[in-house]
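**Student:** Before anything else, here's the structure in question.
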Amino acid sequence: MGVLGCWVNAIPPPTATLPLLMDSVIQALAELEQKVPATEAGHSVAAWLLSAQGSGTHSPLHHFLLEGKCLNITELDPPSLSPELRGLMGEVARHSMQDGKEYGVVLAPDGSTVAVEPLLAGLWAGLQGHRIVNLSLESTATPPDAGVTFPDLGDTSPGLSNASPDVTSVDVGAVSPNVSTKYLDVGATSPEVRPGSPEVQASSPDTKAKLPTAVDSLLVVTLAGDLGLNFLQGPQTWNHSGLGAEGCWDQLSVPRTFMLMDPEASPLTTAFLNGALDGVLLGDYLSRTPEPRPALSHLLSQYYGAGVAGDPGFRSNFRRHNGAALTSAPTLTQQVWGALILLQRLEPAHPHLQGMSQEELAQVATHATKEFTEAFLGCPAIHPRCRWGAAPYQGLPTPLKLPLGFLYVHHTYLPAPPCTSFERCAADMRSMQRFHQQTRGWADIGYSFVVGSDGYVYEGRGWHWVGAHTLGHNSRGFGVAFIGNYTAVLPSEAALRAVRDELPRCAIRAGLLRPDYALLGHRQLVRTECPGDLLFNLLRTWPRFDK
């Protein structure tokens with residue numbers, strides 16, 4: 001992954017001693033904001049990104065799209081920063097993977113792992129405004145020292161919609177009011193392509209698409225550029241891209257090492273995509289916030305806490321839902337394609353771009369967007385067992401014969417209160433596992449998956465092992481439980497959406513659940529009040545409910 005390419009002296013960081021937590025990043029930003037004598041909070045982000053200049057190559061896209069607003073931060077005196085801060089800056093400013101480990105990532109309070117580099121790039125791009133870069137056909141772009149013309153730079157604008165007079169927005173329903181809807185269903189950045197045009201549908205890879213005429217620097221430096229590059233290897237990677245690989249921290253209290261579950265994973269891990277989405281969402285927010293903007297440390301504290309500006313819907317727990325609302329698939333397809341066009345001009349000798357036609361670039365962009373929107377954005381965020389501190393399975397698990405044909409819905413009853421934070425939900429998971437293993441004598445927690453009211457799904461026995469959730473039917477379906485007692489109240493809408501829409505849709509796509517699956521409440525198969533009267537009555541209205 002690349003970093004912002006401003007040519008200043010790098011800060012040689014010592015080994016970090018701060019834990020790799022988002023709270024440490026926020027602490028470091030707060031110290032930078034105090035020590036950098038700047039009128040804008042964004043200077044601290046630039047200083048952080050610049051600290052990694054001494055190692056590795058720089059992304060031409062980042063260098064070109066962000067370097068125009070870079071400041072030579074000579075005021076920052078490295079010795080005046082604490083050794084811990086300098087160490088953290090150097091350790092997390094660059095995202096990379098090596099020997100099964102993922103670097104440049106931190107653990108957030110919501111239990112998610114976040115790559116810092118795309119997050120900071122999005123913040124910096126947002127502080128600039130959504131700078132629209134026109135991809136004029138007459139211009140060619142090469143590195144700055146080549147002495148040739150760059151692609152034309154359009155005026156800085158507050159939103160991508162300004163690039164096209166035909167852009168429209170649609171009603172997004174229950175989207176956080178702090179999340180802009182300017183990108184929704186806009187079709188493309190090109191003014192020739194109208195919203196909803198079949199020429200830009202990401203689900204139709206063979207359809208001819210209009211050549212993009214502009215790119216948005218915020219989307220390109222956070223997400224679109226890396227999406228395109230990841231899929232440049234060829235069609236063989238499109239169906240097995242490995243997007244969204246998860247991992248495990250060595251410890252949750254003072255995390256230092258993050259090991260990927262799949263050592264051969266794509267660079268577009270869950271942590272990287274989390275950071276990219278956070279960068280897009282917060283960058284968009286900053287671009288629409290008038291001066292004086294909030295300190296970035298304060299903004300991040302809100303986003304990774306109770307919600308930005310008091311809005312509980314605009315926080316990291318709901319990044320996938322908010323990201324899907326902010327950027328439509330047709331728009332993202334055009335941005336990925338435009339990023340590849342720009343990179344092809346900036347780096348004509350790029351080994352994977354050399355000689356590629358516009359039709360081939362359009363295919364890459366279409367498939368990259370399709371995979372990202374269907375396999376990541378449209379799926380629920382699932383915390384793996386290691387994240388909530390699961391005890392080992394006792395004995396040998398029995399494999400399921402996939403795909404299964406049923407989804408069985410439960411409520412936990414006890415714990416009765418819904419869990420609304422990672423700390424509480426993880427504690428509930430450990431408590432249920434202890435009860436199932438030590439009191440009931442089961443090999444593990446009984447459920448396949450458990451759904452909290454914090455925006456996350458928690459892995460129980462998972463997709464591949466027979467559970468202990470629905471007596472006599474454990475091998476025929478997945479058991480999914482809502483944490484709480486839903487006799488007289490309902491789970492949160494986010495939790496309901498995860499079970500009704502996201503979890504089954506993604507399981508079908510992955511070949512784990514049959515397309516004609518049926519959904520049943522626990523009480524339909526076993527003598528029990530589970531999943532509670534009010535929840536069960538709601539289940540009866542769902543399309544897949546089996547009477």
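Going through the structure tokens in order, the chains are called A, B, and so on, while each chain numbers its residues from 1 and the ligands are numbered from 1 in the order shown.
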When you look at stretch 384-401 of chain A with a cut-off of 9 Å (counting only C-alpha atoms), what residues show up, excluding the ones that are within fewer than 5 positions of it in the same chain? I need them as a PyMOL selection string.

**Tutor:** chain A and resi 111-112+246-249+252+422-423+425-427+429-430+433-434+437+442-445+457-467+475-476

**Student:** List the spatial neighbours of A:Met97 as a PyMOL selection string - criterion: any atom at most 12 Å away, only C-alpha atoms, same-chain residues fewer than 3 positions off excluded.

**Tutor:** chain A and resi 1+94+100-105+115+245+247+257-260+262-269+271-272

**Student:** Using only C-alpha atoms, determine which residues lie at most 12 Å from A:Cys506, disregarding the query and same-chain residues fewer than 2 positions distant; provide the list as a list in words.

**Tutor:**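 Close residues of A:Cys506: Glu371, Thr373, Glu374, Ala375, Phe376, Leu377, Gly378, Cys379, Pro380, Ala381, Ile382, Trp463, Ala498, Val499, Arg500, Asp501, Glu502, Leu503, Pro504, Ile508, Arg509, Ala510, Gly511, Leu512, Leu513, Arg514 and Pro515 of chain A.
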
**Student:** I need the residues of stretch 363-526 of chain A that end up classed as strand (DSSP E) by DSSP on the backbone, written out as a PyMOL selection string.

**Tutor:** chain A and resi 382-383+404-411+449-451+457-459+477-482+513-521

**Student:** Within 9 Å of stretch 402-415 of chain A, counting only C-alpha atoms, which residues show up once you throw out same-chain ones fewer than 5 positions away? Write them as a PyMOL selection string, please.

**Tutor:** chain A and resi 428+431-432+447+450+463-464+469-470+475-487+499+504+507-508+511-523+530-532+535-536+539

**Student:** Would you please give, as JSON, numbers by chain, all residues of stretch 354-487 of chain A that DSSP assigns to alpha helix (DSSP H) based on the backbone?

**Tutor:** {"A": [358, 359, 360, 361, 362, 363, 364, 365, 366, 367, 368, 369, 370, 371, 372, 385, 386, 387, 388, 422, 423, 424, 425, 426, 427, 428, 429, 430, 431, 432, 433, 434]}

**Student:** Please produce a file of the residues just selected, as a short mmCIF file (atom, residue, chain, number, x, y, z; two decimals), in the first residue's frame, where the atoms kept are N, CA and C atoms.

**Tutor:**
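Writing the result to selection-v2.cif gives the following:
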```cif
data_model
loop_
_atom_site.label_atom_id
_atom_site.label_comp_id
_atom_site.auth_asym_id
_atom_site.auth_seq_id
_atom_site.Cartn_x
_atom_site.Cartn_y
_atom_site.Cartn_z
N GLN A 358 -9.18 -0.13 -22.66
CA GLN A 358 -10.21 0.41 -21.79
C GLN A 358 -11.28 -0.64 -21.48
N GLU A 359 -11.56 -1.50 -22.44
CA GLU A 359 -12.54 -2.55 -22.20
C GLU A 359 -12.06 -3.49 -21.09
N GLU A 360 -10.77 -3.82 -21.11
CA GLU A 360 -10.22 -4.69 -20.07
C GLU A 360 -10.23 -4.01 -18.71
N LEU A 361 -9.89 -2.71 -18.68
CA LEU A 361 -9.93 -1.98 -17.42
C LEU A 361 -11.36 -1.91 -16.88
N ALA A 362 -12.32 -1.72 -17.78
CA ALA A 362 -13.72 -1.66 -17.36
C ALA A 362 -14.16 -3.00 -16.76
N GLN A 363 -13.71 -4.10 -17.34
CA GLN A 363 -14.04 -5.43 -16.80
C GLN A 363 -13.46 -5.61 -15.40
N VAL A 364 -12.20 -5.20 -15.23
CA VAL A 364 -11.58 -5.30 -13.91
C VAL A 364 -12.38 -4.49 -12.89
N ALA A 365 -12.73 -3.26 -13.26
CA ALA A 365 -13.46 -2.39 -12.33
C ALA A 365 -14.82 -2.97 -11.99
N THR A 366 -15.49 -3.53 -12.99
CA THR A 366 -16.82 -4.11 -12.76
C THR A 366 -16.76 -5.28 -11.81
N HIS A 367 -15.83 -6.19 -12.04
CA HIS A 367 -15.73 -7.37 -11.18
C HIS A 367 -15.22 -7.02 -9.79
N ALA A 368 -14.30 -6.07 -9.71
CA ALA A 368 -13.80 -5.66 -8.40
C ALA A 368 -14.93 -5.08 -7.56
N THR A 369 -15.74 -4.23 -8.16
CA THR A 369 -16.85 -3.62 -7.44
C THR A 369 -17.88 -4.65 -7.05
N LYS A 370 -18.18 -5.56 -7.96
CA LYS A 370 -19.17 -6.61 -7.67
C LYS A 370 -18.73 -7.46 -6.48
N GLU A 371 -17.47 -7.86 -6.48
CA GLU A 371 -16.96 -8.68 -5.38
C GLU A 371 -17.00 -7.91 -4.07
N PHE A 372 -16.58 -6.66 -4.10
CA PHE A 372 -16.55 -5.87 -2.88
C PHE A 372 -17.95 -5.61 -2.33
N ARG A 385 -14.06 -16.09 16.63
CA ARG A 385 -14.02 -16.62 18.01
C ARG A 385 -12.88 -16.02 18.82
N CYS A 386 -11.73 -15.85 18.20
CA CYS A 386 -10.59 -15.33 18.95
C CYS A 386 -10.83 -13.91 19.43
N ARG A 387 -11.71 -13.17 18.74
CA ARG A 387 -11.95 -11.78 19.10
C ARG A 387 -12.73 -11.67 20.41
N TRP A 388 -13.66 -12.60 20.64
CA TRP A 388 -14.43 -12.51 21.89
C TRP A 388 -13.86 -13.39 23.00
N PHE A 422 -19.07 -3.87 22.33
CA PHE A 422 -18.24 -5.05 22.13
C PHE A 422 -17.85 -5.68 23.46
N GLU A 423 -17.49 -4.84 24.42
CA GLU A 423 -17.08 -5.35 25.73
C GLU A 423 -18.18 -6.19 26.35
N ARG A 424 -19.42 -5.69 26.31
CA ARG A 424 -20.55 -6.41 26.91
C ARG A 424 -20.90 -7.66 26.11
N CYS A 425 -20.94 -7.53 24.77
CA CYS A 425 -21.30 -8.69 23.94
C CYS A 425 -20.27 -9.81 24.07
N ALA A 426 -18.98 -9.45 24.09
CA ALA A 426 -17.93 -10.45 24.23
C ALA A 426 -18.04 -11.16 25.57
N ALA A 427 -18.34 -10.40 26.62
CA ALA A 427 -18.52 -11.00 27.95
C ALA A 427 -19.72 -11.94 27.95
N ASP A 428 -20.81 -11.55 27.27
CA ASP A 428 -21.98 -12.42 27.18
C ASP A 428 -21.64 -13.72 26.44
N MET A 429 -20.85 -13.61 25.39
CA MET A 429 -20.45 -14.81 24.64
C MET A 429 -19.66 -15.76 25.52
N ARG A 430 -18.73 -15.23 26.29
CA ARG A 430 -17.92 -16.09 27.18
C ARG A 430 -18.80 -16.71 28.27
N SER A 431 -19.74 -15.93 28.76
CA SER A 431 -20.64 -16.46 29.79
C SER A 431 -21.49 -17.59 29.26
N MET A 432 -22.04 -17.43 28.05
CA MET A 432 -22.86 -18.49 27.46
C MET A 432 -22.02 -19.72 27.16
N GLN A 433 -20.81 -19.52 26.69
CA GLN A 433 -19.96 -20.68 26.41
C GLN A 433 -19.64 -21.45 27.68
N ARG A 434 -19.33 -20.72 28.77
CA ARG A 434 -19.06 -21.41 30.04
C ARG A 434 -20.28 -22.21 30.49
#
```

**Student:** Between atom CA of A:Phe64 and atom CA of A:Thr289, what is the distance, to one decimal in Å?

**Tutor:**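 Computed distance, atom CA of A:Phe64 to atom CA of A:Thr289, equals 24.5 Å.
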
**Student:** So what do you get for atom CA of A:Arg256 versus atom CA of A:Pro19, distance-wise?

**Tutor:**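 Computing it gives 6.1 Å between the two atoms.
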
**Student:** Would you mind reading off the distance between atom CA of A:His473 and atom CA of A:Arg540, one decimal, in Å?

**Tutor:**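 These two atoms are separated by 19.8 Å.
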
**Student:** Write out as a ChimeraX atom specification which residues come within 9 Å of A:Val254 when counting only C-alpha atoms, dropping same-chain ones fewer than 5 positions away.

**Tutor:** /A:18-21

**Student:** Write a file of the selected residues as an mmCIF file, in the first residue's frame, keeping C-alpha atoms.

**Tutor:**
```
data_model
loop_
_atom_site.group_PDB
_atom_site.id
_atom_site.type_symbol
_atom_site.label_atom_id
_atom_site.label_comp_id
_atom_site.auth_asym_id
_atom_site.auth_seq_id
_atom_site.Cartn_x
_atom_site.Cartn_y
_atom_site.Cartn_z
ATOM 1 C CA LEU A 18 2.162 1.907 22.935
ATOM 2 C CA PRO A 19 -0.427 -0.858 22.473
ATOM 3 C CA LEU A 20 -1.833 -1.134 18.966
ATOM 4 C CA LEU A 21 -5.207 0.292 19.901
#
```

**Student:** Leaving out stretch 23-26 of chain A and any residue of its chain fewer than 4 positions from it, which residues lie within 10 Å of it when counting only C-alpha atoms, given as a PyMOL selection string?

**Tutor:** chain A and resi 18-19+30-32+84-85+88-89+92+106-109+116+296-301+304

**Student:** Put those residues in a file: N, CA, C and O atoms, as a tab-separated table (two decimals), in the first residue's frame.

**Tutor:**
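See again.tsv below for the written result:
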```
chain	number	residue	atom	x	y	z
A	18	LEU	N	3.59	1.76	22.70
A	18	LEU	CA	2.16	1.91	22.94
A	18	LEU	C	1.43	0.70	22.38
A	18	LEU	O	1.82	0.15	21.34
A	19	PRO	N	0.35	0.26	23.02
A	19	PRO	CA	-0.43	-0.86	22.47
A	19	PRO	C	-1.07	-0.45	21.15
A	19	PRO	O	-1.39	0.73	20.94
A	30	ALA	N	-3.89	13.59	19.20
A	30	ALA	CA	-4.09	14.70	20.12
A	30	ALA	C	-2.77	15.37	20.45
A	30	ALA	O	-2.67	16.61	20.50
A	31	GLU	N	-1.72	14.57	20.65
A	31	GLU	CA	-0.41	15.14	20.95
A	31	GLU	C	0.14	15.88	19.74
A	31	GLU	O	0.72	16.96	19.86
A	32	LEU	N	-0.05	15.30	18.55
A	32	LEU	CA	0.40	15.98	17.34
A	32	LEU	C	-0.33	17.31	17.16
A	32	LEU	O	0.28	18.32	16.78
A	84	GLU	N	7.35	7.04	22.49
A	84	GLU	CA	6.22	6.16	22.24
A	84	GLU	C	5.41	6.63	21.04
A	84	GLU	O	4.98	5.83	20.19
A	85	LEU	N	5.21	7.94	20.96
A	85	LEU	CA	4.44	8.50	19.85
A	85	LEU	C	5.17	8.30	18.54
A	85	LEU	O	4.58	7.88	17.54
A	88	LEU	N	4.88	4.69	17.52
A	88	LEU	CA	3.56	4.35	16.99
A	88	LEU	C	3.36	4.92	15.60
A	88	LEU	O	2.81	4.24	14.72
A	89	MET	N	3.79	6.16	15.38
A	89	MET	CA	3.65	6.79	14.06
A	89	MET	C	4.29	5.93	12.98
A	89	MET	O	3.70	5.66	11.94
A	92	VAL	N	2.37	2.24	12.47
A	92	VAL	CA	1.04	2.07	11.91
A	92	VAL	C	0.78	2.91	10.67
A	92	VAL	O	-0.28	2.80	10.06
A	106	VAL	N	-4.76	-1.54	13.93
A	106	VAL	CA	-5.00	-1.35	15.36
A	106	VAL	C	-6.36	-1.92	15.71
A	106	VAL	O	-7.23	-2.08	14.85
A	107	LEU	N	-6.55	-2.21	16.99
A	107	LEU	CA	-7.82	-2.72	17.50
A	107	LEU	C	-8.68	-1.56	17.97
A	107	LEU	O	-8.26	-0.76	18.80
A	108	ALA	N	-9.89	-1.45	17.43
A	108	ALA	CA	-10.80	-0.37	17.78
A	108	ALA	C	-11.69	-0.79	18.95
A	108	ALA	O	-11.85	-1.98	19.23
A	109	PRO	N	-12.31	0.18	19.64
A	109	PRO	CA	-13.17	-0.16	20.79
A	109	PRO	C	-14.36	-1.05	20.45
A	109	PRO	O	-14.87	-1.75	21.32
A	116	VAL	N	-4.66	1.83	9.60
A	116	VAL	CA	-4.59	3.26	9.84
A	116	VAL	C	-4.31	4.06	8.57
A	116	VAL	O	-4.82	5.17	8.41
A	296	LEU	N	-9.21	16.37	14.83
A	296	LEU	CA	-9.35	15.00	14.34
A	296	LEU	C	-9.36	14.00	15.48
A	296	LEU	O	-10.04	12.97	15.40
A	297	SER	N	-8.60	14.26	16.53
A	297	SER	CA	-8.62	13.34	17.67
A	297	SER	C	-10.01	13.30	18.29
A	297	SER	O	-10.49	12.22	18.69
A	298	HIS	N	-10.69	14.44	18.34
A	298	HIS	CA	-12.06	14.48	18.88
A	298	HIS	C	-13.02	13.76	17.95
A	298	HIS	O	-13.89	13.00	18.40
A	299	LEU	N	-12.87	13.97	16.64
A	299	LEU	CA	-13.74	13.31	15.67
A	299	LEU	C	-13.60	11.80	15.75
A	299	LEU	O	-14.59	11.05	15.75
A	300	LEU	N	-12.37	11.31	15.83
A	300	LEU	CA	-12.16	9.87	15.92
A	300	LEU	C	-12.68	9.31	17.24
A	300	LEU	O	-13.20	8.19	17.27
A	301	SER	N	-12.54	10.06	18.32
A	301	SER	CA	-13.08	9.60	19.60
A	301	SER	C	-14.59	9.40	19.51
A	301	SER	O	-15.14	8.44	20.06
A	304	TYR	N	-15.35	6.29	16.90
A	304	TYR	CA	-15.06	4.98	17.49
A	304	TYR	C	-15.64	4.87	18.90
A	304	TYR	O	-15.26	3.97	19.66
```
